[in-house]
Amino acid sequence: MKTLNRRYFYLLLFTGCFHYVSSYAQSVDSVIVTGRIRNLSARLYREAPTVFMSRTNILQANRELVRPAPLNLDGTFRVSLPLIYPQEELFFNYGRISTALLASPGTLTIDLDADSLFSTAVPFKFGGVNAQVNQQFARYKAFEASYPNKPDGKKLSNQVNNMGNEAAYKLVASAYRAPFAAFAAKEKPFPLLVRWVGYTNRYNAAAFLYDKAAYENDDLSEISIDSLRPVDDQILTLARASAMNRFANYVTQRVSTTISNNGKNGLSVRVLSTLLDRYGKDLTADERLRLNDYALKNSARAADLRFFERLVQRSPDTLQRLVNYETMIERSRQTFDGPAVSYMAAYWLASTLPGLTLDFAHLLYDYARPQVNDSALGQSLDELYRLEIKDSTRIRAAVQTLQNANTAKGAVEISPGVFFTQNRLGSGATLFDQVINSNRGKVIYVLMVPNDEAGRQAAQDAQRLRSAYRPRDFALIYVPMPDTNKQVWPEIATRYNLTGDHLLLTDNQLFDAVERMRADGEISAMVINRTGKIIKRNAPLPADFEEAQKLLDKNL
């Protein structure tokens with residue numbers, strides 16, 4: 001008998017997420033940050049009436065979790081932030097002034113003098129938890145700012161070119177340690193500061209090495225894991241989160257390469273049978289009996305492939321996501337240690353949250369959340385998921401509005417300022433012209449985006465352009481890439497408040513839009529003037545705000 005091994009077992013791009021359920025909720029500690037900006041003038045208050053405190057999630061380093069703290073008239077403020085790790089690096093921002101600080105459960109105070117905000121190297125005075133360490137850290141950052149030999153990424157890249165990984169890590173780690181070593185020679189640092197800055201430097205060096213290994217498709221197995229990921233670290237910093245995210249990218253590449261080279265995945269018949277039994281649609285009693293038999297034997301004949309294919313075809317998206325997850329986890333277990341696999345189990349799921357429907361999030365969380373055994377990682381994952389589904393009622397209502405509407409009659413407003421146009425029976429060219437003509441008399445910015453991280457970021461960046469102009473002068477039109485699930489983009493547009501017109505096309509209809517835009521890539525922009533004439537294809541993307549604005553201003 002041959003083990004079943006065909007295309008449904010191959011690695012695909014995993015796009016799953018989790019649904020938060022109360023049984024996984026765990027209590028978290030909090031820090032209360034209070035303070036005062038003394039001598040606060042009326043002008044400064046008008047310019048900056050709010051203090052912002054932010055923290056990092058270890059699974060998503062590029063996302064700031066921000067808590068605003070409005071200033072009282074006397075300059076005082078108060079804000080509470082949850083803490084998942086015993087100690088976490090927070091960031092204080094007021095106007096153009098910012099600093100990092102180390103928080104623990106309890107109360108932390110920050111005082112500033114408005115008269116010396118921009119004239120003193122260390123304008124902060126700390127109190128409460130970790131007060132001495134935070135004060136010394138502020139002095140260290142002021143020292144580092146004037147240190148002549150700060151690490152230079154470009155210079156380091158040239159230095160480690162053609163160098164082995166171990167030697168490269170030592171060189172880079174030494175470069176990151178140099179500023180603090182010079183500071184320590186002038187002022188004896190507190191032990192907690194030594195750990196905080198020391199771990200930060202190690203993680204910065206590790207992130208550099210992970211990027212190098214990913215770029216060169218190299219193996220880091222000869223490097224000590226403890227060097228790159230200190231096992232006794234109880235401090236969550238931005239550097240740690242960033243390094244672990246880079247590690248995740250490196251692992252994903254290594255696992256994908258292994259699967260590609262082997263020409264097969266690591267899923268057993270038992271795992272697939274179990275997945276089909278639990279998540280397959282419209283299973284008969286006989287089909288369930290056969291699946292249970294395959295699961296017990298953990299084998300199947302090649303002739304049984306058609307049976308598995310038939311069951312998978314009933315719910316291809318669901319099974320595809322589950323197979324992807326199991327394949328990646330199984331391959332990771334063969335190469336990496338337990339803590340690394342635990343991190344990857346949480347990271348792969350968290351990284352897909354922004355691009356899924358609420359229903360897929362619910363299903364995949366139900367399945368995969370129990371596999372994240374580390375308490376802090378589980379709480380970190382839950383935190384990110386709660387942020388993604390916090391507007392679930394509003395999102396479901398918007399999708400229902402679109403489903404109930406007669407879209408053949410024109411655009412449908414599914415959420416305030418969010419309009420959708422679709423008609424599966426019409427041609428792509430007709431629908432494209434319909435949206436353009438409805439915005440005649442305005443300068444139109446058309447943005448084509450895929451549903452991936454880069455596409456969603458470009459879509460959000462475009463809102464800044466929309467906010468820069470009056471609605472009677474400017475129109476923003478989104479052309480999302482078609483998805484097998486038609487609810488995906490309506491949910492994304494509602495979740496992120498992507499105000500503007502959204503042209504929802506089928507695969508066949510998209511060809512007309514692509515031909516009209518002559519796009520050079522999946523993310524592409526086009527500018528149309530007030531009379532409907534195309535001014536610029538492959539126009540500056542929203543992230544290049546100033547260049548895009550220059551082009552738009554010329555045609556207003």
# chains A, B, ... in the order shown; residues from 1 in each chain; ligands from 1
>>> residues_around(residues="Gln463 of chain A", least_positions_apart="2", cutoff="10 Å", atoms="only C-alpha atoms", output="PyMOL selection string")
chain A and resi 458-461+465-468+476+496-500+542
>>> closest_residue(among="A:Arg530, A:Lys390, A:Lys155, A:Arg424", to="Ser438 of chain A", atoms="only C-alpha atoms")
A:Arg530
>>> select_by_dssp(residues="segment 121-258 of chain A", states="alpha helix (DSSP H)", output="PyMOL selection string")
chain A and resi 131-145+153-159+165-186+191-216+225-228+238-258
>>> residues_around(residues="segment 355-362 of chain A", least_positions_apart="2", cutoff="9 Å", atoms="only C-alpha atoms", output="number ranges by chain")
A: 15-20, 318, 351-353, 364-367, 385, 388-389, 392, 395-396, 451-453, 456, 485, 487-489, 491-492
>>> closest_residue(among="A:Arg55, A:Arg331, A:Arg78, A:Arg306", to="Arg36 of chain A", atoms="only C-alpha atoms")
A:Arg78
>>> select_by_dssp(residues="segment 432-475 of chain A", states="strand (DSSP E or B)", output="JSON, numbers by chain")
{"A": [443, 444, 445, 446, 447, 448, 449, 474, 475]}
>>> atom_distance(atom1="atom CA of Ile223 of chain A", atom2="atom CA of Glu88 of chain A")
26.9 Å
>>> atom_distance(atom1="atom CA of Val31 of chain A", atom2="atom CA of Thr107 of chain A")
5.6 Å
>>> closest_residue(among="A:Thr430, A:Asn508, A:Asn437, A:Ser98", to="Lys533 of chain A", atoms="only C-alpha atoms")
A:Asn437
>>> closest_atom_pairs(of="segment 181-222 of chain A", to="segment 236-239 of chain A", cutoff="12 Å", atoms="only C-alpha atoms", output="Markdown table")
| residue | atom | partner | partner_atom | distance |
| --- | --- | --- | --- | --- |
| A:Arg195 | CA | A:Thr237 | CA | 11.4 |
| A:Trp196 | CA | A:Thr237 | CA | 8.3 |
| A:Val197 | CA | A:Thr237 | CA | 9.6 |
| A:Gly198 | CA | A:Ala239 | CA | 10.9 |
| A:Tyr199 | CA | A:Ala239 | CA | 8.4 |
| A:Thr200 | CA | A:Ala239 | CA | 5.6 |
| A:Asn201 | CA | A:Ala239 | CA | 8.0 |
| A:Arg202 | CA | A:Ala239 | CA | 8.8 |
| A:Tyr203 | CA | A:Ala239 | CA | 5.7 |
| A:Asn204 | CA | A:Ala239 | CA | 6.0 |
| A:Ala205 | CA | A:Ala239 | CA | 9.5 |
| A:Ala206 | CA | A:Ala239 | CA | 9.5 |
| A:Ala207 | CA | A:Ala239 | CA | 8.3 |
| A:Phe208 | CA | A:Ala239 | CA | 11.0 |
>>> atom_distance(atom1="atom CA of Ala345 of chain A", atom2="atom CA of Asp233 of chain A")
20.0 Å
